[in-house]
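Scroll down for the structure; my scribbles are underneath it.
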Amino acid sequence: MAAIDDLIAQIEDKVLRARLKEEADRLRREKKFGLVFEEHLPELTPAYSAKVCPGCLAAKRGAALTDVWRVLVVENGQAHCLNRASGVHESLAVNDLVTVLEFGDPIFPSLVPMDRVQNGPADAPWHTLIEADNYHALQLLEYLYAGQVDCIYIDPPYNTGARDWKYNNDYVDSNDRWQHSKWLAMMSRRLILAKRLLNPNTGVLIVTIDEHEVHHLGMLLEHIFPECVRQMVTIVINQKGVSQGRLARVEEHAIYTFMPGAYLKTHHDDLLSMDKSESSRPLEPRWERLLRGGNNSRREDRPGLFYPLFVDPKRKAITGVGEVLPLTEVPDLKSTASGEVVWPVRTDGSLGNWQLKPSTFQELAGMGYVRLGGFHKEQSTWTVLYLNRGTRARIESGDIRIVGRDPVSGSVQIEYSSPEARQRNLKTVWHRGNHDSGIYGSSILRAIIGGEVNFAFPKSLYAVRDAVGAVVRDKPSALVVDFFAGSGTTLHAVEMLNEYDGGNRRCILVTNNEVSEDEARSLAAQGHRPGDEPWEQHGVCRSVTWPRSKYTVLGRRDDGTELPGEYLTGRTVTKAKSRTFRQLSFLDPTTLTTTARKRELVSLIQTIPASEIKGDTAWFVSAEERCTAAILFDATQGDAFLDALDGMDHVTHFYIVTQNNRRFAELKAQIEELLGPIEAPEEEKRPMREGFPANLAYFKLDFLDKNQVALGRQFQEILPLLWLRAGAVGVRPELPTGAPIPALVIPAANPFAVLVDETRFADFLETVSGRSDITHLFLVTDSEDAFREMAAQLAAPHVIQLYRDYLENFMINRGETT
């Protein structure tokens, strides 16, 4: 379009130029560039619990949801309706109709309590499960938590063409010519609402996806979140791979969308490098190069940091520090040839500068925090290393410990005090065994529910834990939302994060109660219809999400049976393990008399350098930490072998060449007595039967009549929303069924209060003034002036006008624009 504008500007005819500019502007307004997809008809959702009443939209039960009727009159169990498409009038039985909600129309939601489970402190925040279409649930969550959510994690339908999701209550498969645009339209509407929930500065959205829609999703996120940073993580979820005759797919993707101020903290596991459980070697902290790199690295940039160091090449030790050489003087670089003087010379031969001034260098050298690296013959200089300020602070805190000193140079030998102390940036490729979706997804779900589960492809619990933990690990009170909750893995993962560090993170799950296609056919054959209790009991929320969530909290099922199995906690513990012994009885020791034969043997053994083996070598043991294997070629030299092993705790694998089983057993027993077991790190496990100290409330989304709300007749139905808006802290308050609404609702265990009768404001003010824990005050009044006058006397952080705040929010909350 920019090129077209330039060409139009070159047209001399003013009338023609203006006319073409007008058409170009119209084209720019109406034509999309970039990601183009059809918006499709607004989505519809059935509301089985909603009453069929005049003015509402309805559809025939069992018919296409898009065949919509407008209800004109309801009398004597019959509804006189007008078909919105054909204009046909028809009288239909109310029992044969279901109310239909069109996305974008105003709704007035409420939450009907379904169940709850309490296994944590009464005053702790409660997790929430909402059974609902996620679009309407997002509208409700926007009213409750706009701009407050720290992390949204969703695993939407992957749109594989395998009839794994519905649009307007019809399955979308590979034969649907609008397969991709329907998916994009569905996702776009929900992501627009999701953006409003996120903390606008530090919030993070995570969307998992596979190859079918990953590129479309990336463009959609770029369109909706133009100000954000996006990064894609590739997660290996099935090392065996799934192939259809071509490449075997082993991965899925997680696209992170970071609000402008969102960053991730480092972690001891970068999720790609060698797993800490795969190595028993101590973890070595990084030594920094003393030669400055990057900006300000030339001599003239920092002239006060250009000075020589004096070295004893034979001892490989720094012996002194010279004075700063003035910028006007040229250093004698010939003196570096012997390796006795080191100047800050860069790799291209130009003069640079050090990271430390001379006095600081001397101080660190005296502490052993400086050492020499390798000598570079081409440049006749040494690499000089030191411990930077951050590493020194971690030595002070105990995260890094000093385990010894070099006997010649005096420099310290350091290691991380534990695997958790090592902090690294997470990588964009994750390869961990516990991310396997079969073992740690499907198998865990079956173990919890107790048998086969009609739910395909649940996520690995640990993959979700790591994905969400990357965002909220440093936020112990984070609010996490998943509006494609599926089997409930996200809540399970948040519970694990809280157990790990004692956090109070809160999770809100949203899922529909869809019945699988096969079950739907079976239930229909039995005469059941959507909305009937037998039908709803087979829905995903009631048969999978809620049971899983409840059982994991309690550690047992409804029948009292304890959950089998163990969790991997993410913590590392040290456990005693036996050393490994191998009897090489297939070899005749008399044939191992030459250097070549012995080197051929040790070439099969890791960590033993073949160059150290000679023809007369009877055994090999090395004091170097990296050499974790030892070999005995001649069993008659067992005593000498044992003497050499004394104090060699780092040796874990022993190879003994002997055909005498008794001699092998004797040597093994003597080595075990000499060195004892290995103290090896491994991931701590926790029995699933212990449950989690958590609380969870289960609701179903329902819809209220606007006029009844305005008249104050549905306070009981709105009360759960007030509890949630105030943080879901404490047991949810309930009013006695049928009892009149009190003038003042001030629950002792919750941080909110409601003034129902504004004539009692003086009493209300006196009561809440003594409650420092109250964060939300709701005032029921129709007068804006009265509300402002009362609010001015209240000190709570949030003072809200009921029911005006609720009604106005949902009257304008159509959610269709960015």
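Note on naming: chains are A, B, ... as they come in the structure tokens, residues start from 1 per chain, ligands start from 1 in the order shown.
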
### Task
Apply DSSP to the structure's backbone, then extract all residues of range 29-252 of chain A labelled strand (DSSP E) and return them as a PyMOL selection string.
chain A and resi 44-47+57-60+69-75+78-83+89-93+97-102+109-118+127-131+151-154+162-167+170-173+204-209+229-236+251-252

Determine, using only C-alpha atoms, which residues of range 404-504 of chain A have any atom at most 12 Å from an atom of range 116-123 of chain A, and tabulate each with its shortest atom pair and distance in Å to one decimal place, rows ordered by chain and then rising number, as a tab-separated table.
residue	atom	partner	partner_atom	distance
A:Glu495	CA	A:Gly120	CA	11.3
A:Asn498	CA	A:Gly120	CA	11.8
A:Glu499	CA	A:Gly120	CA	11.5
A:Gly502	CA	A:Gly120	CA	11.9
A:Asn504	CA	A:Gly120	CA	10.7

Polymer residues at most 6 Å from Leu290 in chain A, only C-alpha atoms, same-chain spacing of 6 or more positions, as a PDB file with N, CA, C and O atoms, in the first residue's frame:
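selection-v8.pdb was written with the following content:
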ATOM      1  N   TRP A 354      41.613  -4.410  31.609  1.00  0.00           N
ATOM      2  CA  TRP A 354      41.123  -5.431  32.531  1.00  0.00           C
ATOM      3  C   TRP A 354      39.757  -5.036  33.108  1.00  0.00           C
ATOM      4  O   TRP A 354      39.338  -3.879  32.998  1.00  0.00           O
ATOM      5  N   GLN A 355      39.118  -5.967  33.763  1.00  0.00           N
ATOM      6  CA  GLN A 355      37.825  -5.708  34.412  1.00  0.00           C
ATOM      7  C   GLN A 355      37.997  -5.045  35.788  1.00  0.00           C
ATOM      8  O   GLN A 355      37.071  -4.416  36.288  1.00  0.00           O
ATOM      9  N   VAL A 384      43.457 -14.921  31.965  1.00  0.00           N
ATOM     10  CA  VAL A 384      43.382 -14.672  33.406  1.00  0.00           C
ATOM     11  C   VAL A 384      41.907 -14.707  33.811  1.00  0.00           C
ATOM     12  O   VAL A 384      41.063 -14.077  33.165  1.00  0.00           O
ATOM     13  N   LEU A 385      41.609 -15.448  34.858  1.00  0.00           N
ATOM     14  CA  LEU A 385      40.227 -15.639  35.312  1.00  0.00           C
ATOM     15  C   LEU A 385      40.056 -15.114  36.732  1.00  0.00           C
ATOM     16  O   LEU A 385      41.014 -15.092  37.511  1.00  0.00           O
TER      17      LEU A 385
END

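Distance check against Ile613 in chain A using only C-alpha atoms: of A:His653, A:Lys598, A:Arg70, A:His136, the minimum falls on A:Lys598.
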
### Message
Using only C-alpha atoms, which protein or nucleic acid residues come within 10 Å of Leu220 in chain A? Drop anything in the same chain fewer than 5 positions from it, and give the result as number ranges by chain.
### Response
A: 34-36, 184-185, 187-188, 191, 214-215, 225-226

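Take the candidates A:Val651, A:Ala467, A:Gln637, A:Asp763 and check each one against Val621 in chain A using only C-alpha atoms; the shortest distance goes to A:Val651.
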
### Test item, alpha helix (DSSP H) assignment across range 341-454 of chain A, answer as number ranges by chain
A: 358-367, 389-397, 443-449

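Restricting the calculation to only C-alpha atoms, the smallest distance between Arg725 in chain A and any of A:Val112, A:Val709, A:Leu141, A:Ala680 is found for A:Leu141.
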
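Take the candidates A:Tyr263, A:Phe375, A:Phe761, A:Phe484 and check each one against Lys316 in chain A using only C-alpha atoms; the shortest distance goes to A:Phe375.
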
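Considering only C-alpha atoms, the residue among A:Asn76, A:Thr489, A:Thr617, A:Gln148 positioned nearest to Thr545 in chain A is A:Thr489.
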
### Query
Which residue out of A:Leu129, A:Ala762, A:Ser543, A:His538 has the minimum interatomic distance to Gly450 in chain A when only C-alpha atoms are used?
A:Ser543

### Task
Find the residues near range 787-801 of chain A: any atom within 12 Å, counting only C-alpha atoms, skip ones fewer than 4 places away on the same chain, and give them as JSON, numbers by chain.
{"A": [143, 144, 722, 725, 726, 727, 751, 752, 753, 754, 755, 756, 758, 759, 760, 761, 762, 764, 765, 766, 767, 768, 769, 770, 771, 772, 773, 774, 775, 776, 777, 778, 779, 780, 781, 782, 783, 805, 806, 807, 808, 809]}

### Message
Report, in Å with one decimal, the straight-line distance from CA of Val510 in chain A to CA of Ile130 in chain A.
### Response
4.8 Å
